[in-house]
file work_12.cif (mmCIF, C-alpha atoms and all ligand atoms)
data_work
loop_
_atom_site.label_atom_id
_atom_site.label_comp_id
_atom_site.auth_asym_id
_atom_site.auth_seq_id
_atom_site.Cartn_x
_atom_site.Cartn_y
_atom_site.Cartn_z
CA MET A 1042 -5.96 -4.46 15.12
CA THR A 1043 -5.26 -8.15 14.58
CA MET A 1044 -3.80 -9.55 11.38
CA PHE A 1045 -7.10 -11.26 10.76
CA SER A 1046 -9.11 -8.06 10.93
CA VAL A 1047 -6.60 -6.33 8.66
CA ILE A 1048 -6.95 -9.05 6.08
CA SER A 1049 -10.73 -9.22 6.28
CA LYS A 1050 -10.77 -5.47 5.89
CA CYS A 1051 -8.65 -5.62 2.76
CA PHE A 1052 -10.43 -8.61 1.39
CA ASN A 1053 -14.00 -8.09 2.36
CA PRO A 1054 -15.62 -9.22 -0.90
CA ARG A 1055 -18.35 -6.63 -0.50
CA SER A 1056 -15.82 -3.85 -0.44
CA LEU A 1057 -14.99 -4.72 -4.02
CA ASN A 1058 -17.19 -3.36 -6.71
CA PRO A 1059 -19.34 -6.31 -7.79
CA ARG A 1060 -19.93 -4.77 -11.22
CA ARG A 1061 -16.25 -4.97 -11.95
CA PHE A 1062 -16.37 -8.72 -11.74
CA LEU A 1063 -18.94 -8.75 -14.48
CA THR A 1064 -17.26 -6.40 -16.89
CA PHE A 1065 -14.89 -9.19 -17.84
CA ASN A 1066 -17.34 -10.51 -20.43
CA LYS A 1067 -19.28 -7.37 -21.14
CA ASN A 1068 -18.47 -7.32 -24.83
CA ARG A 1069 -20.42 -10.55 -25.30
CA ASP A 1070 -23.66 -9.19 -23.86
CA GLY A 1071 -25.19 -8.55 -27.26
CA ILE A 1072 -26.65 -12.03 -27.76
CA SER A 1073 -30.19 -12.08 -26.44
CA LYS A 1074 -31.30 -15.62 -25.67
CA PRO A 1075 -29.01 -18.13 -23.97
CA LYS A 1076 -28.88 -21.52 -25.73
CA PRO A 1077 -28.47 -24.89 -23.96
CA VAL A 1078 -25.18 -24.98 -22.14
CA MET A 1079 -22.04 -27.08 -22.47
CA THR A 1080 -19.85 -27.13 -19.41
CA THR A 1081 -16.23 -26.85 -20.40
CA LEU A 1082 -12.98 -25.73 -18.85
CA VAL A 1083 -12.31 -23.36 -21.71
CA PRO A 1084 -11.93 -19.84 -20.34
CA PRO A 1085 -14.41 -17.31 -21.74
CA ASP A 1086 -11.91 -15.17 -23.55
CA PHE A 1087 -10.04 -17.95 -25.24
CA GLU A 1088 -9.31 -17.12 -28.87
CA ASN A 1089 -11.40 -19.80 -30.51
CA GLU A 1090 -14.92 -18.41 -30.66
CA GLY A 1091 -16.87 -21.53 -31.47
CA ASN A 1092 -20.51 -21.94 -30.46
CA ASP A 1093 -19.75 -24.02 -27.39
CA ASN A 1094 -17.50 -21.30 -26.20
CA THR A 1095 -20.11 -18.56 -26.63
CA ASN A 1096 -22.53 -20.73 -24.68
CA THR A 1097 -20.02 -21.22 -21.92
CA THR A 1098 -19.38 -17.49 -21.83
CA LEU A 1099 -23.10 -16.77 -21.53
CA LYS A 1100 -23.45 -19.39 -18.84
CA ILE A 1101 -20.57 -17.84 -16.90
CA VAL A 1102 -22.06 -14.35 -17.16
CA GLU A 1103 -25.34 -15.76 -15.80
CA LEU A 1104 -23.63 -17.63 -12.99
CA LEU A 1105 -21.57 -14.60 -11.97
CA SER A 1106 -24.64 -12.36 -11.74
CA GLU A 1107 -26.50 -15.09 -9.85
CA ALA A 1108 -23.61 -15.32 -7.38
CA GLU A 1109 -23.61 -11.54 -7.03
CA GLU A 1110 -27.32 -11.57 -6.14
CA TYR A 1111 -26.73 -14.23 -3.49
CA LEU A 1112 -23.88 -12.18 -2.04
CA ASN A 1113 -26.09 -9.09 -1.93
CA THR A 1114 -28.81 -11.00 -0.06
CA HIS A 1115 -26.20 -12.53 2.28
CA GLU A 1116 -26.81 -16.10 1.07
CA TYR A 1117 -23.11 -16.84 1.12
CA THR A 1118 -23.17 -20.63 0.95
CA ARG A 1119 -25.33 -20.45 -2.17
CA ALA A 1120 -23.08 -17.81 -3.67
CA ILE A 1121 -20.08 -20.10 -3.12
CA THR A 1122 -21.81 -23.06 -4.81
CA VAL A 1123 -22.64 -20.92 -7.84
CA LEU A 1124 -19.10 -19.51 -8.00
CA GLN A 1125 -17.68 -23.03 -7.83
CA HIS A 1126 -19.88 -23.96 -10.76
CA ALA A 1127 -18.67 -20.95 -12.72
CA THR A 1128 -15.07 -21.87 -11.88
CA GLN A 1129 -15.67 -25.34 -13.28
CA CYS A 1130 -16.91 -23.65 -16.46
CA GLY A 1131 -13.50 -21.96 -16.69
CA SER A 1132 -14.17 -18.55 -15.18
CA ALA A 1133 -11.01 -16.99 -13.76
CA THR A 1134 -13.19 -14.25 -12.27
CA ALA A 1135 -15.20 -16.79 -10.26
CA ALA A 1136 -12.04 -18.58 -9.07
CA ALA A 1137 -10.52 -15.25 -8.02
CA LYS A 1138 -13.67 -14.30 -6.16
CA LEU A 1139 -13.69 -17.62 -4.30
CA GLY A 1140 -10.06 -17.00 -3.37
CA ILE A 1141 -10.98 -13.58 -1.98
CA ILE A 1142 -13.98 -14.99 -0.07
CA TYR A 1143 -11.96 -17.77 1.57
CA HIS A 1144 -9.07 -15.40 2.22
CA GLY A 1145 -11.03 -12.84 4.22
CA GLY A 1146 -14.01 -14.95 5.26
CA ILE A 1147 -17.44 -13.32 5.45
CA ASN A 1148 -18.61 -12.06 8.84
CA ASP A 1149 -19.44 -15.08 11.02
CA THR A 1150 -20.85 -17.18 8.18
CA ILE A 1151 -17.73 -18.17 6.25
CA PRO A 1152 -14.55 -18.42 8.32
CA PRO A 1153 -11.25 -17.66 6.54
CA ASP A 1154 -9.71 -20.76 5.00
CA TYR A 1155 -6.24 -19.85 3.72
CA ALA A 1156 -5.50 -23.20 2.10
CA SER A 1157 -8.67 -23.00 -0.01
CA ALA A 1158 -7.96 -19.35 -0.75
CA ALA A 1159 -4.50 -20.24 -2.08
CA VAL A 1160 -5.89 -23.06 -4.21
CA TYR A 1161 -8.53 -20.84 -5.79
CA TYR A 1162 -6.07 -18.02 -6.44
CA LEU A 1163 -3.77 -20.52 -8.13
CA PHE A 1164 -6.62 -21.91 -10.18
CA ALA A 1165 -7.52 -18.38 -11.23
CA LEU A 1166 -3.92 -17.79 -12.34
CA LYS A 1167 -3.95 -20.96 -14.41
CA LEU A 1168 -7.17 -19.91 -16.14
CA ILE A 1169 -5.82 -16.41 -16.73
CA TYR A 1170 -2.66 -17.88 -18.21
CA MET A 1171 -4.75 -19.74 -20.81
CA ILE A 1172 -6.03 -16.41 -22.12
CA PRO A 1173 -3.72 -14.47 -24.49
CA CYS A 1174 -1.93 -11.86 -22.37
CA ASN A 1175 -3.13 -8.91 -24.44
CA LYS A 1176 -6.68 -9.74 -23.31
CA TRP A 1177 -5.94 -9.94 -19.62
CA ASP A 1178 -8.07 -7.99 -17.20
CA MET A 1179 -5.26 -6.29 -15.22
CA SER A 1180 -7.55 -5.57 -12.24
CA LEU A 1181 -8.37 -9.25 -12.00
CA VAL A 1182 -4.71 -10.30 -12.26
CA LEU A 1183 -3.77 -7.71 -9.62
CA ASP A 1184 -6.54 -8.93 -7.26
CA VAL A 1185 -5.28 -12.50 -7.53
CA ILE A 1186 -1.56 -11.71 -7.26
CA ALA A 1187 -2.07 -9.25 -4.38
CA GLY A 1188 -4.17 -11.87 -2.57
CA LEU A 1189 -1.57 -14.56 -3.08
CA SER A 1190 1.25 -12.24 -2.05
CA GLU A 1191 -0.63 -11.43 1.16
CA LEU A 1192 -0.96 -15.15 1.90
CA TYR A 1193 2.76 -15.60 1.30
CA ARG A 1194 3.63 -12.74 3.60
CA PHE A 1195 1.28 -13.45 6.49
CA GLN A 1196 -0.31 -16.88 6.38
CA MET A 1197 1.78 -19.42 4.55
CA ASN A 1198 4.81 -21.19 5.86
CA ARG A 1199 7.68 -22.06 3.52
CA LYS A 1200 8.14 -25.53 5.04
CA ARG A 1201 4.63 -26.49 6.05
CA ASP A 1202 2.97 -25.26 2.83
CA CYS A 1203 5.88 -26.19 0.59
CA ASP A 1204 3.80 -27.71 -2.25
CA ILE A 1205 1.31 -24.92 -2.73
CA TRP A 1206 4.10 -22.36 -2.14
CA ASN A 1207 6.19 -23.77 -5.00
CA HIS A 1208 3.19 -24.06 -7.33
CA GLY A 1209 2.31 -20.45 -6.63
CA ILE A 1210 5.84 -19.23 -7.30
CA LYS A 1211 5.95 -21.15 -10.57
CA ALA A 1212 2.62 -19.68 -11.67
CA MET A 1213 3.71 -16.17 -10.68
CA LYS A 1214 6.91 -16.52 -12.69
CA HIS A 1215 4.84 -17.48 -15.76
CA ILE A 1216 2.56 -14.48 -15.25
CA ASP A 1217 5.56 -12.17 -14.79
CA GLN A 1218 7.15 -13.45 -17.96
CA ALA A 1219 3.94 -12.99 -19.94
CA LEU A 1220 3.66 -9.42 -18.62
CA GLN A 1221 7.04 -8.64 -20.18
CA ASP A 1222 5.71 -9.59 -23.60
CA PRO A 1223 5.50 -6.35 -25.62
CA LEU A 1224 2.10 -7.55 -26.86
CA ALA A 1225 0.77 -7.40 -23.30
CA THR A 1226 1.57 -3.72 -22.88
CA LYS A 1227 1.01 -2.36 -26.35
CA PHE A 1228 -2.40 -0.75 -25.85
CA LEU A 1229 -2.43 -0.25 -22.11
CA SER A 1230 -3.57 3.00 -20.53
CA HIS A 1231 -1.43 4.67 -17.86
CA LYS A 1232 -3.62 3.19 -15.11
CA GLU A 1233 -3.27 -0.30 -16.58
CA ILE A 1234 0.50 0.09 -16.79
CA GLN A 1235 0.54 1.06 -13.10
CA LYS A 1236 -1.49 -2.08 -12.31
CA ARG A 1237 0.96 -4.16 -14.29
CA ARG A 1238 3.79 -2.61 -12.31
CA ALA A 1239 2.00 -3.37 -9.02
CA ILE A 1240 1.59 -7.00 -10.12
CA ARG A 1241 5.29 -7.29 -10.92
CA ILE A 1242 6.25 -5.70 -7.58
CA HIS A 1243 4.19 -8.29 -5.69
CA ILE A 1244 5.77 -11.10 -7.70
CA ALA A 1245 9.35 -9.84 -7.24
CA TYR A 1246 8.75 -9.49 -3.50
CA CYS A 1247 7.39 -13.07 -3.23
CA LEU A 1248 10.41 -14.38 -5.18
CA GLY A 1249 12.64 -12.53 -2.72
CA LEU A 1250 10.81 -13.98 0.28
CA THR A 1251 11.14 -17.48 -1.14
CA ALA A 1252 14.89 -17.21 -1.78
CA GLU A 1253 15.39 -15.61 1.62
CA ALA A 1254 13.51 -18.47 3.33
CA ASP A 1255 15.71 -20.91 1.37
CA LYS A 1256 18.80 -18.99 2.57
CA ASP A 1257 19.74 -18.27 -1.04
CA PHE A 1258 20.69 -14.72 -0.14
CA SER A 1259 22.19 -13.69 -3.45
CA THR A 1260 18.98 -14.63 -5.36
CA ALA A 1261 16.94 -12.92 -2.63
CA LEU A 1262 19.06 -9.78 -2.94
CA THR A 1263 18.55 -9.69 -6.73
CA ALA A 1264 14.78 -10.16 -6.33
CA PHE A 1265 14.45 -7.36 -3.77
CA GLN A 1266 16.69 -5.11 -5.88
CA ASN A 1267 14.36 -5.75 -8.83
CA CYS A 1268 11.37 -4.97 -6.63
CA GLN A 1269 13.01 -1.72 -5.55
CA LYS A 1270 13.64 -0.68 -9.15
CA PHE A 1271 9.93 -0.63 -10.03
CA GLY A 1272 9.39 2.43 -7.84
CA ASP A 1273 5.98 3.83 -6.92
CA CYS A 1274 2.90 2.58 -8.76
CA GLY A 1275 0.15 4.32 -6.79
CA PHE A 1276 -1.17 1.11 -5.26
CA ASN A 1277 -0.81 1.18 -1.50
CA THR A 1278 0.38 -2.34 -0.72
CA ALA A 1279 2.73 -2.54 -3.71
CA ASP A 1280 4.25 0.83 -2.80
CA LYS A 1281 4.80 -0.44 0.74
CA LEU A 1282 6.52 -3.54 -0.63
CA VAL A 1283 8.91 -1.35 -2.63
CA LYS A 1284 9.80 0.48 0.60
CA LYS A 1285 10.17 -2.82 2.46
CA SER A 1286 12.48 -4.14 -0.22
CA HIS A 1287 14.82 -1.19 0.43
CA THR A 1288 15.20 -2.51 3.99
CA LYS A 1289 15.57 -6.09 2.74
CA VAL A 1290 18.35 -5.02 0.37
CA ARG A 1291 20.14 -3.25 3.20
CA THR A 1292 20.01 -6.30 5.50
CA LEU A 1293 20.87 -8.78 2.75
CA GLU A 1294 23.80 -6.92 1.19
CA PRO A 1295 26.28 -7.75 4.00
CA GLN A 1296 25.34 -11.43 3.70
CA VAL A 1297 26.15 -11.63 0.02
CA PRO A 1298 29.86 -11.51 -0.85
CA ARG A 1299 30.33 -8.83 -3.49
CA VAL A 1300 33.88 -9.89 -4.21
CA LYS A 1301 34.62 -13.29 -5.76
CA PRO A 1302 36.70 -15.41 -3.33
CA VAL A 1303 39.45 -15.87 -5.92
CA CYS A 1304 42.83 -14.13 -5.89
CA VAL A 1305 42.89 -11.81 -8.87
CA GLU A 1306 46.65 -12.29 -9.30
CA CYS A 1307 47.40 -16.00 -8.80
CA GLN A 1308 43.84 -17.38 -9.18
CA TYR A 1309 43.98 -19.12 -5.79
CA GLU A 1310 40.39 -19.98 -4.87
CA ALA A 1311 39.31 -19.86 -1.22
CA LYS A 1312 36.65 -22.48 -0.61
CA GLU A 1313 36.38 -22.75 3.17
CA LEU A 1314 34.78 -19.87 5.02
CA LYS A 1315 37.89 -19.40 7.22
CA ASP A 1316 40.06 -19.05 4.09
CA ILE A 1317 37.66 -16.59 2.54
CA TRP A 1318 38.06 -14.38 5.61
CA THR A 1319 41.85 -14.26 5.16
CA LEU A 1320 41.57 -12.83 1.64
CA LEU A 1321 42.57 -9.19 1.26
CA VAL A 1322 40.12 -6.98 -0.61
CA CYS A 1323 41.74 -4.23 -2.66
CA ALA A 1324 40.89 -0.94 -0.94
CA LYS A 1325 41.28 0.96 -4.19
CA CYS A 1326 38.74 -0.77 -6.44
CA GLN A 1327 36.91 -2.82 -3.77
CA SER A 1328 35.93 -5.30 -6.44
CA VAL A 1329 38.70 -7.93 -6.26
CA ALA A 1330 40.45 -9.99 -3.61
CA CYS A 1331 44.05 -11.12 -3.21
CA CYS A 1332 45.47 -14.06 -1.28
CA SER A 1333 48.55 -12.33 0.11
CA LYS A 1334 50.29 -8.99 0.52
CA ALA A 1335 52.58 -9.86 -2.42
CA CYS A 1336 49.61 -10.46 -4.75
CA LEU A 1337 47.93 -7.30 -3.47
CA THR A 1338 51.06 -5.24 -4.23
CA ASN A 1339 51.14 -6.68 -7.76
CA HIS A 1340 47.45 -5.93 -8.21
CA LEU A 1341 47.87 -2.35 -6.89
CA SER A 1342 50.60 -1.71 -9.42
CA THR A 1343 48.09 -2.42 -12.23
CA HIS A 1344 46.01 0.46 -10.83
CA HIS A 1345 49.02 2.78 -11.15
CA GLU A 1346 49.65 1.63 -14.73
CA ASN A 1347 45.99 2.21 -15.61
CA GLU A 1348 46.07 5.63 -14.02
CA GLY A 1349 49.17 6.40 -16.06
CA GLU A 1350 47.36 5.33 -19.21
CA ASP A 1351 44.32 7.34 -18.18
CA LYS A 1352 46.47 10.43 -17.85
CA LYS A 1353 48.10 9.79 -21.22
CA THR A 1354 44.77 9.45 -23.02
CA LYS A 1355 43.42 12.67 -21.46
ZN ZN B 1401 47.44 -14.66 -4.95
ZN ZN B 1402 42.13 -3.02 -7.03
#

call {"tool": "encode", "arguments": {"input": "work_12.cif", "output": "structure tokens", "more": "lines below"}}
Ligand SMILES: [Zn+2]
Ligand SMILES: [Zn+2]
result
Amino acid sequence: MTMFSVISKCFNPRSLNPRRFLTFNKNRDGISKPKPVMTTLVPPDFENEGNDNTNTTLKIVELLSEAEEYLNTHEYTRAITVLQHATQCGSATAAAKLGIIYHGGINDTIPPDYASAAVYYLFALKLIYMIPCNKWDMSLVLDVIAGLSELYRFQMNRKRDCDIWNHGIKAMKHIDQALQDPLATKFLSHKEIQKRRAIRIHIAYCLGLTAEADKDFSTALTAFQNCQKFGDCGFNTADKLVKKSHTKVRTLEPQVPRVKPVCVECQYEAKELKDIWTLLVCAKCQSVACCSKACLTNHLSTHHENEGEDKKTK
């Protein structure tokens, strides 16, 4: 199985439930007759519920169902045009769907276009970020973040795609921060909490990949350790990433000095790599280094004193 077929399998837009894309605005369905439309960039769920906004919301609902019909009748180019229109109206759902379409491509009609996919995913994130986090559709956020994370892992190149890579990381950090807001998790069901965890796993893993590519191994190690800590969330890819981060941690640990290259006794600081190698790490606590045997002996005596104190206090 090629990477391409794996991705198109995961991201075949028709394998996603089309209804789900429409439930985003379901609560606004009560109004019967659509009024003339204003095209704005205000996302549908934005707090201010002025008339223009309701109109935009209605327009987006219409456009999304129109796009869905075109997808069902295999008129993909038309579907894309309608989704682009909905994206311009501020629909994060439409932007996410375009990202998914360009990511996997559709049969022979629409070839995968990873650059466009990344741009639409990013746009979706920006629109999501404009909505208060307690109103986020976690499935939508997970679709976008999982899509982006897949692009980072298999399609994008840290050097070649530097700009979009950095923008994506910045956006993901914002999303991750918002997800830690207690408001965002207050009324979440168990399933939603698992989705939130999956989102954060993807983000931590992408942060790790970025630092690793930049040879910032200590940041990478922290990111993969964070990823590891989330544990299982019941979402296949995210669970795999947690497992993968175990391996990453194991390979990164030897590359990150755990002991500060400063003599604990005389404060001599080793700056050159060859000097760092000559430092002696205390075998007893394994957490400090010494510059010489004399300093090490002095340091070891503090262990004996402490032990003595320990015994006294017992
Ligand atoms: Zn020393
Ligand atoms: Zn020691």

call {"tool": "residues_near_point", "arguments": {"input": "work_12.cif", "point": "(4.7, -16.3, -15.1)", "cutoff": "12 Å", "atoms": "all atoms listed in the file", "output": "PyMOL selection string"}}
result
chain A and resi 1163+1166-1167+1169-1171+1174+1182+1186+1208-1222+1240-1241+1244-1245+1248

call {"tool": "residues_around", "arguments": {"input": "work_12.cif", "residues": "Ala1108 in chain A", "least_positions_apart": "5", "cutoff": "7 Å", "atoms": "all atoms listed in the file", "output": "PDB file with C-alpha atoms, in the frame of the given file"}}
result
ATOM      1  CA  ALA A1120     -23.080 -17.810  -3.670  1.00  0.00           C
ATOM      2  CA  VAL A1123     -22.640 -20.920  -7.840  1.00  0.00           C
ATOM      3  CA  LEU A1124     -19.100 -19.510  -8.000  1.00  0.00           C
TER       4      LEU A1124
END

call {"tool": "residues_near_ligand", "arguments": {"input": "work_12.cif", "ligand": "ligand ZN 1402 (chain B)", "cutoff": "10 Å", "atoms": "only C-alpha atoms and all ligand atoms", "output": "list in words"}}
result
Val1305, Val1322, Cys1323, Ala1324, Lys1325, Cys1326, Gln1327, Ser1328, Val1329, Ala1330, Cys1331, Leu1337, Thr1338, Asn1339, His1340, Leu1341, Ser1342, Thr1343, His1344 and His1345 of chain A

call {"tool": "write_last_selection", "arguments": {"input": "work_12.cif", "atoms": "C-alpha atoms", "output": "PDB file, in the frame of the given file"}}
result
ATOM      1  CA  VAL A1305      42.890 -11.810  -8.870  1.00  0.00           C
ATOM      2  CA  VAL A1322      40.120  -6.980  -0.610  1.00  0.00           C
ATOM      3  CA  CYS A1323      41.740  -4.230  -2.660  1.00  0.00           C
ATOM      4  CA  ALA A1324      40.890  -0.940  -0.940  1.00  0.00           C
ATOM      5  CA  LYS A1325      41.280   0.960  -4.190  1.00  0.00           C
ATOM      6  CA  CYS A1326      38.740  -0.770  -6.440  1.00  0.00           C
ATOM      7  CA  GLN A1327      36.910  -2.820  -3.770  1.00  0.00           C
ATOM      8  CA  SER A1328      35.930  -5.300  -6.440  1.00  0.00           C
ATOM      9  CA  VAL A1329      38.700  -7.930  -6.260  1.00  0.00           C
ATOM     10  CA  ALA A1330      40.450  -9.990  -3.610  1.00  0.00           C
ATOM     11  CA  CYS A1331      44.050 -11.120  -3.210  1.00  0.00           C
ATOM     12  CA  LEU A1337      47.930  -7.300  -3.470  1.00  0.00           C
ATOM     13  CA  THR A1338      51.060  -5.240  -4.230  1.00  0.00           C
ATOM     14  CA  ASN A1339      51.140  -6.680  -7.760  1.00  0.00           C
ATOM     15  CA  HIS A1340      47.450  -5.930  -8.210  1.00  0.00           C
ATOM     16  CA  LEU A1341      47.870  -2.350  -6.890  1.00  0.00           C
ATOM     17  CA  SER A1342      50.600  -1.710  -9.420  1.00  0.00           C
ATOM     18  CA  THR A1343      48.090  -2.420 -12.230  1.00  0.00           C
ATOM     19  CA  HIS A1344      46.010   0.460 -10.830  1.00  0.00           C
ATOM     20  CA  HIS A1345      49.020   2.780 -11.150  1.00  0.00           C
TER      21      HIS A1345
END

call {"tool": "residues_near_ligand", "arguments": {"input": "work_12.cif", "ligand": "ligand ZN 1401 (chain B)", "cutoff": "7 Å", "atoms": "only C-alpha atoms and all ligand atoms", "output": "ChimeraX atom specification"}}
result
/A:1304-1309,1331-1333,1336

call {"tool": "residues_around", "arguments": {"input": "work_12.cif", "residues": "Thr1292 in chain A", "least_positions_apart": "5", "cutoff": "12 Å", "atoms": "all atoms listed in the file", "output": "PyMOL selection string"}}
result
chain A and resi 1253+1258-1259+1261-1262+1265-1266+1285-1287+1297

call {"tool": "closest_residue", "arguments": {"input": "work_12.cif", "among": "A:Gln1125, A:Leu1189, A:Leu1321, A:Pro1298", "to": "Ile1141 in chain A", "atoms": "all atoms listed in the file"}}
result
A:Leu1189

call {"tool": "atom_distance", "arguments": {"input": "work_12.cif", "atom1": "CA of Lys1289 in chain A", "atom2": "CA of Asn1267 in chain A"}}
result
11.6 Å

call {"tool": "closest_residue", "arguments": {"input": "work_12.cif", "among": "A:Gln1296, A:Ser1157, A:Asn1113, A:Asn1175", "to": "His1144 in chain A", "atoms": "only C-alpha atoms"}}
result
A:Ser1157

call {"tool": "closest_residue", "arguments": {"input": "work_12.cif", "among": "A:Val1290, A:Cys1247, A:Leu1314, A:Ile1242", "to": "Phe1271 in chain A", "atoms": "only C-alpha atoms"}}
result
A:Ile1242

call {"tool": "residues_around", "arguments": {"input": "work_12.cif", "residues": "range 1204-1206 of chain A", "least_positions_apart": "4", "cutoff": "12 Å", "atoms": "only C-alpha atoms", "output": "PyMOL selection string"}}
result
chain A and resi 1155-1164+1189-1190+1192-1194+1196-1200+1210-1213+1247-1248+1250-1252+1254

call {"tool": "closest_residue", "arguments": {"input": "work_12.cif", "among": "A:Pro1302, A:Pro1223, A:Gly1275, A:Gly1188", "to": "Lys1138 in chain A", "atoms": "all atoms listed in the file"}}
result
A:Gly1188

call {"tool": "axis_aligned_box", "arguments": {"input": "work_12.cif", "around": "range 1135-1154 of chain A", "padding_each_side": "4 Å", "output": "AutoDock Vina command-line options"}}
result
--center_x -15.0 --center_y -16.4 --center_z 0.4 --size_x 19.8 --size_y 16.7 --size_z 29.3

call {"tool": "closest_residue", "arguments": {"input": "work_12.cif", "among": "A:Ile1147, A:Leu1320, A:Leu1183, A:Cys1268", "to": "Thr1288 in chain A", "atoms": "all atoms listed in the file"}}
result
A:Cys1268

call {"tool": "atom_distance", "arguments": {"input": "work_12.cif", "atom1": "CA of Glu1109 in chain A", "atom2": "CA of Glu1191 in chain A"}}
result
24.4 Å

call {"tool": "atom_distance", "arguments": {"input": "work_12.cif", "atom1": "CA of Leu1282 in chain A", "atom2": "CA of Ala1187 in chain A"}}
result
11.0 Å
